$ cat run_5.cif   # mmCIF, C-alpha atoms and all ligand atoms
data_model
loop_
_atom_site.group_PDB
_atom_site.id
_atom_site.type_symbol
_atom_site.label_atom_id
_atom_site.label_comp_id
_atom_site.auth_asym_id
_atom_site.auth_seq_id
_atom_site.Cartn_x
_atom_site.Cartn_y
_atom_site.Cartn_z
ATOM 1 C CA MET A 159 -10.241 -17.393 -6.944
ATOM 2 C CA GLU A 160 -9.728 -20.365 -9.246
ATOM 3 C CA THR A 161 -10.276 -18.206 -12.310
ATOM 4 C CA LEU A 162 -7.827 -15.589 -11.020
ATOM 5 C CA GLN A 163 -5.209 -18.276 -10.394
ATOM 6 C CA GLN A 164 -5.752 -19.611 -13.924
ATOM 7 C CA ILE A 165 -5.418 -16.143 -15.469
ATOM 8 C CA ILE A 166 -2.172 -15.548 -13.557
ATOM 9 C CA ASP A 167 -0.807 -19.010 -14.447
ATOM 10 C CA ARG A 168 -1.453 -18.461 -18.141
ATOM 11 C CA ALA A 169 -0.291 -14.851 -18.369
ATOM 12 C CA LYS A 170 3.249 -13.989 -19.380
ATOM 13 C CA ARG A 171 3.190 -10.219 -18.911
ATOM 14 C CA ILE A 172 1.029 -9.131 -15.997
ATOM 15 C CA VAL A 173 0.593 -5.501 -14.972
ATOM 16 C CA PHE A 174 -0.957 -4.528 -11.646
ATOM 17 C CA PHE A 175 -2.708 -1.160 -11.492
ATOM 18 C CA GLY A 176 -3.453 -0.211 -7.892
ATOM 19 C CA GLY A 177 -4.758 2.499 -5.629
ATOM 20 C CA ALA A 178 -5.240 3.358 -1.985
ATOM 21 C CA GLY A 179 -7.168 0.113 -1.300
ATOM 22 C CA VAL A 180 -3.919 -1.846 -1.766
ATOM 23 C CA SER A 181 -2.515 -0.204 1.378
ATOM 24 C CA THR A 182 -5.545 -0.110 3.706
ATOM 25 C CA ALA A 183 -4.502 -3.529 5.077
ATOM 26 C CA SER A 184 -1.209 -1.841 6.038
ATOM 27 C CA GLY A 185 -3.118 0.670 8.148
ATOM 28 C CA ILE A 186 -3.205 3.577 5.682
ATOM 29 C CA PRO A 187 -6.732 4.913 5.147
ATOM 30 C CA ASP A 188 -7.980 5.418 1.589
ATOM 31 C CA PHE A 189 -9.954 8.449 0.413
ATOM 32 C CA ARG A 190 -13.295 7.199 -0.869
ATOM 33 C CA GLY A 191 -13.736 3.724 0.616
ATOM 34 C CA ALA A 192 -15.603 2.974 3.863
ATOM 35 C CA GLY A 193 -13.530 4.579 6.644
ATOM 36 C CA GLY A 194 -11.709 6.758 4.100
ATOM 37 C CA LEU A 195 -10.493 10.287 4.703
ATOM 38 C CA TYR A 196 -13.392 11.764 2.727
ATOM 39 C CA GLY A 197 -15.623 10.994 5.688
ATOM 40 C CA GLU A 198 -13.607 13.390 7.871
ATOM 41 C CA GLU A 199 -14.108 17.127 8.009
ATOM 42 C CA TRP A 200 -11.177 19.481 8.084
ATOM 43 C CA ALA A 201 -12.871 22.799 8.815
ATOM 44 C CA GLY A 202 -15.188 22.181 5.874
ATOM 45 C CA LEU A 203 -12.346 21.258 3.526
ATOM 46 C CA THR A 204 -11.978 17.917 1.750
ATOM 47 C CA PRO A 205 -8.599 16.184 1.239
ATOM 48 C CA GLU A 206 -8.935 17.027 -2.448
ATOM 49 C CA MET A 207 -9.104 20.767 -1.651
ATOM 50 C CA ILE A 208 -6.196 20.678 0.805
ATOM 51 C CA LEU A 209 -3.985 18.499 -1.417
ATOM 52 C CA SER A 210 -4.300 20.916 -4.309
ATOM 53 C CA GLN A 211 -1.635 23.048 -5.894
ATOM 54 C CA SER A 212 -3.486 26.286 -5.160
ATOM 55 C CA PHE A 213 -3.999 25.417 -1.465
ATOM 56 C CA PHE A 214 -0.312 24.522 -1.161
ATOM 57 C CA TYR A 215 0.737 27.951 -2.415
ATOM 58 C CA LEU A 216 -1.957 29.919 -0.556
ATOM 59 C CA HIS A 217 -1.834 28.120 2.814
ATOM 60 C CA PRO A 218 1.406 26.111 3.043
ATOM 61 C CA ASP A 219 1.210 25.993 6.859
ATOM 62 C CA ARG A 220 -2.225 24.326 6.812
ATOM 63 C CA PHE A 221 -1.210 22.115 3.915
ATOM 64 C CA PHE A 222 1.717 20.698 5.904
ATOM 65 C CA GLU A 223 -0.398 20.271 9.042
ATOM 66 C CA PHE A 224 -2.805 18.016 7.110
ATOM 67 C CA TYR A 225 -0.047 16.331 5.119
ATOM 68 C CA ARG A 226 1.960 15.362 8.221
ATOM 69 C CA ALA A 227 -1.108 14.090 10.060
ATOM 70 C CA LYS A 228 -2.860 12.222 7.245
ATOM 71 C CA MET A 229 -0.507 11.358 4.397
ATOM 72 C CA ILE A 230 2.614 9.991 6.133
ATOM 73 C CA TYR A 231 2.579 6.613 7.935
ATOM 74 C CA PRO A 232 6.146 5.804 9.012
ATOM 75 C CA GLU A 233 5.011 2.643 10.846
ATOM 76 C CA ALA A 234 3.208 1.119 7.820
ATOM 77 C CA ARG A 235 4.684 -2.085 6.407
ATOM 78 C CA PRO A 236 3.977 -3.927 3.121
ATOM 79 C CA ASN A 237 1.059 -6.376 3.300
ATOM 80 C CA ALA A 238 0.392 -9.676 1.534
ATOM 81 C CA ALA A 239 -0.548 -7.908 -1.723
ATOM 82 C CA HIS A 240 2.724 -5.954 -1.919
ATOM 83 C CA ARG A 241 4.696 -9.092 -1.053
ATOM 84 C CA LYS A 242 2.941 -11.296 -3.631
ATOM 85 C CA LEU A 243 3.533 -8.721 -6.363
ATOM 86 C CA PHE A 244 7.251 -8.800 -5.609
ATOM 87 C CA GLU A 245 7.177 -12.603 -5.855
ATOM 88 C CA LEU A 246 5.420 -12.378 -9.231
ATOM 89 C CA GLU A 247 8.060 -9.899 -10.399
ATOM 90 C CA LYS A 248 10.901 -12.208 -9.293
ATOM 91 C CA ALA A 249 9.239 -15.107 -11.126
ATOM 92 C CA GLY A 250 9.308 -13.009 -14.324
ATOM 93 C CA LYS A 251 5.508 -12.948 -14.621
ATOM 94 C CA LEU A 252 4.854 -9.349 -13.608
ATOM 95 C CA ARG A 253 6.073 -6.522 -15.836
ATOM 96 C CA GLY A 254 5.077 -3.625 -13.686
ATOM 97 C CA VAL A 255 3.164 -2.189 -10.765
ATOM 98 C CA VAL A 256 1.475 1.055 -11.719
ATOM 99 C CA THR A 257 0.425 2.702 -8.477
ATOM 100 C CA GLN A 258 -1.482 5.815 -7.560
ATOM 101 C CA ASN A 259 -0.193 5.375 -4.002
ATOM 102 C CA ILE A 260 2.426 7.666 -2.578
ATOM 103 C CA ASP A 261 3.342 5.495 0.425
ATOM 104 C CA GLY A 262 6.388 3.722 -1.067
ATOM 105 C CA LEU A 263 5.243 0.285 0.188
ATOM 106 C CA HIS A 264 5.786 -1.519 -3.141
ATOM 107 C CA ARG A 265 9.436 -0.489 -3.069
ATOM 108 C CA ASP A 266 9.703 -1.548 0.599
ATOM 109 C CA ALA A 267 8.414 -4.990 -0.408
ATOM 110 C CA GLY A 268 11.267 -5.250 -2.918
ATOM 111 C CA SER A 269 9.491 -4.446 -6.195
ATOM 112 C CA ARG A 270 11.637 -2.632 -8.742
ATOM 113 C CA LEU A 271 9.271 -2.340 -11.687
ATOM 114 C CA VAL A 272 7.170 0.322 -9.975
ATOM 115 C CA TYR A 273 5.588 3.348 -11.633
ATOM 116 C CA GLU A 274 4.600 5.786 -8.880
ATOM 117 C CA ILE A 275 2.432 8.010 -11.025
ATOM 118 C CA HIS A 276 1.469 10.302 -8.138
ATOM 119 C CA GLY A 277 4.972 10.435 -6.675
ATOM 120 C CA SER A 278 6.110 9.365 -3.212
ATOM 121 C CA VAL A 279 6.218 10.832 0.292
ATOM 122 C CA ARG A 280 9.783 9.469 0.487
ATOM 123 C CA GLU A 281 11.100 12.117 -1.899
ATOM 124 C CA ASN A 282 11.118 15.807 -1.082
ATOM 125 C CA TYR A 283 12.957 18.628 -2.814
ATOM 126 C CA CYS A 284 13.877 22.201 -1.969
ATOM 127 C CA MET A 285 11.883 24.450 -4.284
ATOM 128 C CA ASP A 286 14.852 26.835 -4.605
ATOM 129 C CA CYS A 287 18.052 24.748 -4.818
ATOM 130 C CA ASN A 288 16.530 21.294 -5.506
ATOM 131 C CA ALA A 289 18.328 19.650 -2.531
ATOM 132 C CA PHE A 290 16.871 16.210 -1.787
ATOM 133 C CA TYR A 291 15.329 15.274 1.561
ATOM 134 C CA GLY A 292 13.825 12.030 2.881
ATOM 135 C CA VAL A 293 10.507 11.761 4.667
ATOM 136 C CA GLU A 294 12.191 12.493 8.044
ATOM 137 C CA LYS A 295 12.683 16.091 6.953
ATOM 138 C CA ILE A 296 8.914 16.586 6.837
ATOM 139 C CA LEU A 297 8.227 14.519 9.971
ATOM 140 C CA ASN A 298 10.908 16.180 12.086
ATOM 141 C CA SER A 299 10.039 19.744 11.211
ATOM 142 C CA ALA A 300 7.209 21.922 12.454
ATOM 143 C CA GLY A 301 5.179 24.229 10.236
ATOM 144 C CA ILE A 302 6.637 24.745 6.773
ATOM 145 C CA PRO A 303 9.751 22.553 6.248
ATOM 146 C CA ARG A 304 12.788 24.597 5.198
ATOM 147 C CA CYS A 305 15.971 23.660 3.340
ATOM 148 C CA ASP A 306 19.116 23.383 5.512
ATOM 149 C CA ARG A 307 21.231 24.785 2.696
ATOM 150 C CA CYS A 308 19.253 27.785 1.491
ATOM 151 C CA GLY A 309 16.100 28.164 3.582
ATOM 152 C CA GLY A 310 13.774 27.422 0.643
ATOM 153 C CA VAL A 311 10.507 25.547 1.124
ATOM 154 C CA VAL A 312 10.880 21.735 0.933
ATOM 155 C CA LYS A 313 8.058 20.345 -1.204
ATOM 156 C CA PRO A 314 7.029 16.680 -1.267
ATOM 157 C CA TRP A 315 7.405 14.962 -4.654
ATOM 158 C CA VAL A 316 3.724 14.184 -4.619
ATOM 159 C CA VAL A 317 1.402 15.132 -7.444
ATOM 160 C CA LEU A 318 -1.154 17.590 -6.063
ATOM 161 C CA TYR A 319 -4.599 18.111 -7.549
ATOM 162 C CA GLY A 320 -4.111 20.632 -10.352
ATOM 163 C CA GLU A 321 -0.541 19.461 -11.061
ATOM 164 C CA ALA A 322 0.507 17.272 -13.971
ATOM 165 C CA PRO A 323 2.116 13.913 -13.140
ATOM 166 C CA ASP A 324 5.641 13.201 -14.385
ATOM 167 C CA LYS A 325 5.567 12.634 -18.141
ATOM 168 C CA TYR A 326 8.181 9.877 -18.252
ATOM 169 C CA THR A 327 6.629 7.900 -15.397
ATOM 170 C CA CYS A 328 3.261 8.058 -17.164
ATOM 171 C CA MET A 329 4.784 7.068 -20.503
ATOM 172 C CA GLY A 330 6.452 4.035 -18.900
ATOM 173 C CA ALA A 331 3.231 3.039 -17.137
ATOM 174 C CA CYS A 332 1.145 3.327 -20.301
ATOM 175 C CA ARG A 333 3.746 1.400 -22.302
ATOM 176 C CA GLU A 334 3.594 -1.522 -19.826
ATOM 177 C CA ILE A 335 -0.212 -1.439 -19.770
ATOM 178 C CA SER A 336 -0.395 -1.492 -23.556
ATOM 179 C CA ASN A 337 2.079 -4.418 -23.752
ATOM 180 C CA CYS A 338 0.670 -6.656 -21.013
ATOM 181 C CA ASP A 339 -1.516 -9.703 -21.556
ATOM 182 C CA ALA A 340 -3.296 -9.512 -18.174
ATOM 183 C CA LEU A 341 -4.127 -6.382 -16.229
ATOM 184 C CA ILE A 342 -5.162 -6.520 -12.576
ATOM 185 C CA VAL A 343 -6.885 -3.352 -11.380
ATOM 186 C CA ALA A 344 -7.183 -3.292 -7.595
ATOM 187 C CA GLY A 345 -8.070 -1.075 -4.657
ATOM 188 C CA THR A 346 -8.949 1.973 -6.688
ATOM 189 C CA SER A 347 -12.182 3.882 -7.229
ATOM 190 C CA LEU A 348 -10.816 4.946 -10.653
ATOM 191 C CA SER A 349 -11.936 8.492 -10.023
ATOM 192 C CA VAL A 350 -8.601 10.339 -10.290
ATOM 193 C CA GLU A 351 -7.519 11.475 -13.759
ATOM 194 C CA PRO A 352 -5.408 11.069 -15.786
ATOM 195 C CA ALA A 353 -4.562 7.816 -13.938
ATOM 196 C CA ALA A 354 -7.974 6.200 -14.488
ATOM 197 C CA SER A 355 -7.825 6.678 -18.252
ATOM 198 C CA PHE A 356 -4.523 4.753 -18.426
ATOM 199 C CA LEU A 357 -6.718 1.644 -18.587
ATOM 200 C CA GLU A 358 -7.681 2.669 -22.120
ATOM 201 C CA TYR A 359 -4.200 1.542 -23.204
ATOM 202 C CA PHE A 360 -4.976 -2.050 -22.286
ATOM 203 C CA HIS A 361 -5.590 -4.359 -25.246
ATOM 204 C CA GLY A 362 -4.506 -7.623 -23.641
ATOM 205 C CA ARG A 363 -6.430 -10.839 -23.078
ATOM 206 C CA ARG A 364 -7.641 -10.611 -19.491
ATOM 207 C CA LEU A 365 -8.817 -7.712 -17.331
ATOM 208 C CA VAL A 366 -9.342 -8.440 -13.629
ATOM 209 C CA VAL A 367 -10.839 -6.024 -11.085
ATOM 210 C CA ILE A 368 -10.347 -6.633 -7.353
ATOM 211 C CA ASN A 369 -12.101 -4.040 -5.219
ATOM 212 C CA ALA A 370 -14.303 -3.746 -2.147
ATOM 213 C CA GLU A 371 -16.886 -1.720 -4.095
ATOM 214 C CA ALA A 372 -18.077 -1.437 -7.698
ATOM 215 C CA THR A 373 -15.771 0.427 -10.115
ATOM 216 C CA PRO A 374 -16.258 1.922 -13.589
ATOM 217 C CA ALA A 375 -14.028 -0.857 -15.020
ATOM 218 C CA ASP A 376 -16.257 -3.713 -13.799
ATOM 219 C CA ALA A 377 -18.406 -3.698 -16.936
ATOM 220 C CA ARG A 378 -15.497 -4.506 -19.262
ATOM 221 C CA ALA A 379 -13.656 -6.853 -16.898
ATOM 222 C CA ASP A 380 -13.328 -10.603 -17.553
ATOM 223 C CA LEU A 381 -13.302 -11.211 -13.805
ATOM 224 C CA VAL A 382 -14.524 -9.020 -10.923
ATOM 225 C CA LEU A 383 -13.619 -10.041 -7.364
ATOM 226 C CA ARG A 384 -15.368 -8.121 -4.628
ATOM 227 C CA GLY A 385 -13.176 -8.385 -1.528
ATOM 228 C CA ASP A 386 -9.935 -7.511 0.202
ATOM 229 C CA VAL A 387 -6.936 -7.080 -2.118
ATOM 230 C CA ALA A 388 -4.404 -8.239 0.470
ATOM 231 C CA GLU A 389 -6.393 -11.374 1.243
ATOM 232 C CA ILE A 390 -7.056 -12.238 -2.408
ATOM 233 C CA MET A 391 -3.527 -11.570 -3.681
ATOM 234 C CA GLY A 392 -2.119 -13.345 -0.625
ATOM 235 C CA GLU A 393 -3.832 -16.567 -1.699
ATOM 236 C CA ILE A 394 -2.314 -16.618 -5.188
ATOM 237 C CA GLU A 395 0.314 -19.248 -5.872
ATOM 238 C CA VAL A 396 3.253 -18.105 -7.942
ATOM 239 C CA ARG A 397 4.008 -20.712 -10.604
ATOM 240 C CA THR A 398 6.136 -20.102 -13.648
ATOM 241 C CA GLU A 399 4.580 -22.879 -15.740
ATOM 242 C CA ALA A 400 0.831 -23.405 -16.146
HETATM 243 P P1 LIG A 501 -9.842 5.851 -3.420
HETATM 244 O O1 LIG A 501 -9.801 6.139 -1.969
HETATM 245 O O2 LIG A 501 -10.551 6.789 -4.309
HETATM 246 O O3 LIG A 501 -10.497 4.411 -3.661
HETATM 247 C C1 LIG A 501 -10.057 3.278 -2.938
HETATM 248 C C2 LIG A 501 -10.906 2.099 -3.408
HETATM 249 O O4 LIG A 501 -10.364 0.924 -2.825
HETATM 250 C C3 LIG A 501 -12.368 2.192 -2.961
HETATM 251 O O5 LIG A 501 -13.188 1.831 -4.031
HETATM 252 C C4 LIG A 501 -12.448 1.175 -1.804
HETATM 253 O O6 LIG A 501 -13.696 0.562 -1.717
HETATM 254 C C5 LIG A 501 -11.399 0.174 -2.196
HETATM 255 N N1 LIG A 501 -10.755 -0.510 -1.067
HETATM 256 C C6 LIG A 501 -10.330 0.003 0.111
HETATM 257 N N2 LIG A 501 -9.705 -0.914 0.861
HETATM 258 C C7 LIG A 501 -9.741 -2.072 0.130
HETATM 259 C C8 LIG A 501 -9.266 -3.380 0.349
HETATM 260 N N3 LIG A 501 -8.585 -3.712 1.466
HETATM 261 N N4 LIG A 501 -9.500 -4.316 -0.609
HETATM 262 C C9 LIG A 501 -10.167 -3.997 -1.756
HETATM 263 N N5 LIG A 501 -10.630 -2.765 -2.026
HETATM 264 C C10 LIG A 501 -10.422 -1.813 -1.095
HETATM 265 O O7 LIG A 501 -8.329 5.618 -3.868
HETATM 266 P P2 LIG A 501 -7.618 5.846 -5.282
HETATM 267 O O8 LIG A 501 -8.506 5.388 -6.381
HETATM 268 O O9 LIG A 501 -6.255 5.304 -5.152
HETATM 269 O O10 LIG A 501 -7.498 7.431 -5.404
HETATM 270 C C11 LIG A 501 -7.078 8.180 -4.277
HETATM 271 C C12 LIG A 501 -5.920 9.139 -4.505
HETATM 272 O O11 LIG A 501 -5.414 9.480 -3.227
HETATM 273 C C13 LIG A 501 -4.769 8.550 -5.238
HETATM 274 O O12 LIG A 501 -4.411 9.439 -6.218
HETATM 275 C C14 LIG A 501 -3.642 8.401 -4.221
HETATM 276 O O13 LIG A 501 -2.480 9.065 -4.666
HETATM 277 C C15 LIG A 501 -4.087 9.123 -2.986
HETATM 278 N N6 LIG A 501 -4.011 8.291 -1.756
HETATM 279 C C16 LIG A 501 -2.921 7.504 -1.559
HETATM 280 C C17 LIG A 501 -2.829 6.714 -0.427
HETATM 281 C C18 LIG A 501 -1.601 5.862 -0.244
HETATM 282 O O14 LIG A 501 -0.536 6.185 -0.765
HETATM 283 N N7 LIG A 501 -1.690 4.726 0.453
HETATM 284 C C19 LIG A 501 -3.861 6.719 0.522
HETATM 285 C C20 LIG A 501 -4.975 7.549 0.281
HETATM 286 C C21 LIG A 501 -5.032 8.329 -0.872
HETATM 287 ZN ZN ZN A 502 17.546 24.733 -0.794
#
$ encode --input "run_5.cif" --output "structure tokens"
Amino acid sequence: METLQQIIDRAKRIVFFGGAGVSTASGIPDFRGAGGLYGEEWAGLTPEMILSQSFFYLHPDRFFEFYRAKMIYPEARPNAAHRKLFELEKAGKLRGVVTQNIDGLHRDAGSRLVYEIHGSVRENYCMDCNAFYGVEKILNSAGIPRCDRCGGVVKPWVVLYGEAPDKYTCMGACREISNCDALIVAGTSLSVEPAASFLEYFHGRRLVVINAEATPADARADLVLRGDVAEIMGEIEVRTEA
């Protein structure tokens, strides 16, 4: 913890790269961690199969059944990690949160410098006329959600397996990673591409990994903390001068 505090005190441009483990303390299960959704069986299908582009087009009814039940958590609130990152942003120390999460909790905490590289459940668009809908549209509909204006299918702005993430969001995320002096990688198994390879853009001074389990980035990290992201980030003191 002392070393992490020192790294944060000395850094001037921190970037936080996070995954599902950042939100488990808010009550949202991850995929591959202990208690993650990969342990559950959905008629022999894994979340990765259901949340794929081809499954969405072939079985939209079953896609939305899973999506409503397992991907949307309207009661979830930001935890100590989300809150501390907002504090670091306000103090001018943090240049960006690059998140693979789609839950919108960083924005709820107040953070503005957020790169949601896999999109967000909060944004949904009609596939025919592009009308925008909030998350309530999905929650308050049954079966396949339909556009009020034209009857088209309303699709979540969430990057499905087999789809390419938004180019400009990725460019912004990679630019911040390549310009930062300290990168904190947390709560991610680093098994989803292209997100995981974004770390290759890091050439800064200090790489920190905070995760419950081992990750592929541990070997090149300056500091590896094995524990709870919310607890660890919650303990950090935000100081502008070292
Ligand atoms: P993952 O499930 O593959 O890995 C999560 C990692 O975090 C695991 O290594 C686990 O051990 C660790 N972890 C879990 N809780 C932790 C905690 N409290 N403290 C420290 N470590 C913890 O998640 P991923 O790498 O983000 O990839 C999953 C994909 O699924 C992402 O693309 C994401 O879009 C999506 N997803 C998003 C959410 C969300 O928005 N909250 C939830 C589940 C999955
Ligand atoms: Zn429409």
$ residues_near_ligand --input "run_5.cif" --ligand "ligand LIG 501 (chain A)" --cutoff "7 Å" --atoms "all atoms listed in the file" --output "ChimeraX atom specification"
/A:176-183,186-192,194,229,258-261,276,344-350,368-373,385-388
$ atom_distance --input "run_5.cif" --atom1 "CA of Ile165 in chain A" --atom2 "CA of Glu358 in chain A"
20.1 Å
$ residues_around --input "run_5.cif" --residues "range 217-220 of chain A" --least-positions-apart "6" --cutoff "12 Å" --atoms "all atoms listed in the file" --output "list in words"
Trp200, Ala201, Leu203, Pro205, Met207, Ile208, Leu209, Ser210, Gln211, Arg226, Ala227, Ser299, Ala300, Gly301, Ile302, Pro303, Arg304, Val311, Val312, Lys313 and Pro314 of chain A
$ residues_around --input "run_5.cif" --residues "range 242-252 of chain A" --least-positions-apart "2" --cutoff "8 Å" --atoms "all atoms listed in the file" --output "number ranges by chain"
A: 169-174, 238-240, 254-255, 264, 267-269, 271, 391-392, 394, 396-398
$ closest_residue --input "run_5.cif" --among "A:Gly362, A:Pro236, A:Gly309, A:Pro374" --to "ligand ZN 502 (chain A)" --atoms "all atoms listed in the file"
A:Gly309
$ closest_atom_pairs --input "run_5.cif" --of "chain A" --to "ligand ZN 502 (chain A)" --cutoff "6 Å" --atoms "all atoms listed in the file" --output "Markdown table"
| residue | atom | partner | partner_atom | distance |
| --- | --- | --- | --- | --- |
| A:Cys284 | CA | A:ZN502 | ZN | 4.6 |
| A:Asp286 | CA | A:ZN502 | ZN | 5.1 |
| A:Cys287 | CA | A:ZN502 | ZN | 4.1 |
| A:Asn288 | CA | A:ZN502 | ZN | 5.9 |
| A:Ala289 | CA | A:ZN502 | ZN | 5.4 |
| A:Cys305 | CA | A:ZN502 | ZN | 4.6 |
| A:Arg307 | CA | A:ZN502 | ZN | 5.1 |
| A:Cys308 | CA | A:ZN502 | ZN | 4.2 |
| A:Gly309 | CA | A:ZN502 | ZN | 5.7 |
| A:Gly310 | CA | A:ZN502 | ZN | 4.9 |
$ closest_residue --input "run_5.cif" --among "A:Gly202, A:Arg363, A:Gly292, A:Phe356" --to "Gly330 in chain A" --atoms "all atoms listed in the file"
A:Phe356
$ closest_atom_pairs --input "run_5.cif" --of "range 191-273 of chain A" --to "range 331-336 of chain A" --cutoff "7 Å" --atoms "only C-alpha atoms" --output "CSV"
residue,atom,partner,partner_atom,distance
A:Arg253,CA,A:Glu334,CA,6.9
A:Gly254,CA,A:Glu334,CA,6.7
A:Val256,CA,A:Ala331,CA,6.0
A:Tyr273,CA,A:Ala331,CA,6.0
$ closest_residue --input "run_5.cif" --among "A:Leu297, A:Leu216, A:Cys328, A:Ile230" --to "Thr257 in chain A" --atoms "all atoms listed in the file"
A:Cys328
$ closest_residue --input "run_5.cif" --among "A:Met159, A:Ile296, A:Val316, A:Ala377" --to "Glu274 in chain A" --atoms "all atoms listed in the file"
A:Val316
$ axis_aligned_box --input "run_5.cif" --around "range 301-316 of chain A" --padding-each-side "4 Å" --output "JSON"
{"center_x": 12.5, "center_y": 21.2, "center_z": 2.8, "size_x": 25.5, "size_y": 22.0, "size_z": 22.9}
$ atom_distance --input "run_5.cif" --atom1 "CA of Asp376 in chain A" --atom2 "CA of Leu341 in chain A"
12.7 Å
$ residues_around --input "run_5.cif" --residues "Ala375 in chain A" --least-positions-apart "5" --cutoff "10 Å" --atoms "all atoms listed in the file" --output "JSON, numbers by chain"
{"A": [343, 347, 348, 354, 357, 365, 366, 367, 382]}
$ atom_distance --input "run_5.cif" --atom1 "CA of Leu263 in chain A" --atom2 "CA of Phe175 in chain A"
14.2 Å
$ build_atoms --input "run_5.cif" --residues "range 196-202 of chain A" --atoms "all heavy atoms" --output "PDB file, in the frame of the given file"
ATOM      1  N   TYR A 196     -12.339  10.860   3.197  1.00  0.00           N
ATOM      2  CA  TYR A 196     -13.392  11.764   2.727  1.00  0.00           C
ATOM      3  C   TYR A 196     -14.528  11.878   3.736  1.00  0.00           C
ATOM      4  O   TYR A 196     -15.315  12.804   3.670  1.00  0.00           O
ATOM      5  CB  TYR A 196     -13.924  11.316   1.359  1.00  0.00           C
ATOM      6  CG  TYR A 196     -13.167  11.960   0.229  1.00  0.00           C
ATOM      7  CD1 TYR A 196     -11.804  11.729   0.103  1.00  0.00           C
ATOM      8  CD2 TYR A 196     -13.780  12.808  -0.680  1.00  0.00           C
ATOM      9  CE1 TYR A 196     -11.083  12.321  -0.908  1.00  0.00           C
ATOM     10  CE2 TYR A 196     -13.058  13.411  -1.689  1.00  0.00           C
ATOM     11  CZ  TYR A 196     -11.708  13.167  -1.797  1.00  0.00           C
ATOM     12  OH  TYR A 196     -10.992  13.768  -2.793  1.00  0.00           O
ATOM     13  N   GLY A 197     -14.596  10.923   4.659  1.00  0.00           N
ATOM     14  CA  GLY A 197     -15.623  10.994   5.688  1.00  0.00           C
ATOM     15  C   GLY A 197     -15.286  12.019   6.765  1.00  0.00           C
ATOM     16  O   GLY A 197     -16.135  12.413   7.547  1.00  0.00           O
ATOM     17  N   GLU A 198     -14.022  12.461   6.813  1.00  0.00           N
ATOM     18  CA  GLU A 198     -13.607  13.390   7.871  1.00  0.00           C
ATOM     19  C   GLU A 198     -13.742  14.829   7.392  1.00  0.00           C
ATOM     20  O   GLU A 198     -13.610  15.122   6.224  1.00  0.00           O
ATOM     21  CB  GLU A 198     -12.142  13.141   8.242  1.00  0.00           C
ATOM     22  CG  GLU A 198     -11.945  11.800   8.914  1.00  0.00           C
ATOM     23  CD  GLU A 198     -10.509  11.628   9.409  1.00  0.00           C
ATOM     24  OE1 GLU A 198      -9.816  12.634   9.621  1.00  0.00           O
ATOM     25  OE2 GLU A 198     -10.103  10.470   9.567  1.00  0.00           O
ATOM     26  N   GLU A 199     -13.970  15.702   8.327  1.00  0.00           N
ATOM     27  CA  GLU A 199     -14.108  17.127   8.009  1.00  0.00           C
ATOM     28  C   GLU A 199     -12.878  17.863   8.513  1.00  0.00           C
ATOM     29  O   GLU A 199     -12.477  17.691   9.658  1.00  0.00           O
ATOM     30  CB  GLU A 199     -15.342  17.686   8.708  1.00  0.00           C
ATOM     31  CG  GLU A 199     -16.629  17.428   7.957  1.00  0.00           C
ATOM     32  CD  GLU A 199     -16.870  18.467   6.867  1.00  0.00           C
ATOM     33  OE1 GLU A 199     -16.740  19.665   7.167  1.00  0.00           O
ATOM     34  OE2 GLU A 199     -17.185  18.068   5.738  1.00  0.00           O
ATOM     35  N   TRP A 200     -12.287  18.625   7.666  1.00  0.00           N
ATOM     36  CA  TRP A 200     -11.177  19.481   8.084  1.00  0.00           C
ATOM     37  C   TRP A 200     -11.609  20.925   7.897  1.00  0.00           C
ATOM     38  O   TRP A 200     -11.316  21.523   6.862  1.00  0.00           O
ATOM     39  CB  TRP A 200      -9.909  19.158   7.291  1.00  0.00           C
ATOM     40  CG  TRP A 200      -9.161  18.043   7.926  1.00  0.00           C
ATOM     41  CD1 TRP A 200      -9.561  16.743   8.042  1.00  0.00           C
ATOM     42  CD2 TRP A 200      -7.898  18.140   8.581  1.00  0.00           C
ATOM     43  NE1 TRP A 200      -8.630  16.023   8.719  1.00  0.00           N
ATOM     44  CE2 TRP A 200      -7.590  16.851   9.068  1.00  0.00           C
ATOM     45  CE3 TRP A 200      -7.002  19.175   8.810  1.00  0.00           C
ATOM     46  CZ2 TRP A 200      -6.424  16.576   9.765  1.00  0.00           C
ATOM     47  CZ3 TRP A 200      -5.839  18.899   9.489  1.00  0.00           C
ATOM     48  CH2 TRP A 200      -5.557  17.612   9.970  1.00  0.00           C
ATOM     49  N   ALA A 201     -12.341  21.425   8.879  1.00  0.00           N
ATOM     50  CA  ALA A 201     -12.871  22.799   8.815  1.00  0.00           C
ATOM     51  C   ALA A 201     -13.595  23.016   7.487  1.00  0.00           C
ATOM     52  O   ALA A 201     -13.403  24.037   6.823  1.00  0.00           O
ATOM     53  CB  ALA A 201     -11.737  23.805   9.000  1.00  0.00           C
ATOM     54  N   GLY A 202     -14.392  22.036   7.097  1.00  0.00           N
ATOM     55  CA  GLY A 202     -15.188  22.181   5.874  1.00  0.00           C
ATOM     56  C   GLY A 202     -14.424  21.889   4.596  1.00  0.00           C
ATOM     57  O   GLY A 202     -14.974  21.997   3.503  1.00  0.00           O
TER      58      GLY A 202
END
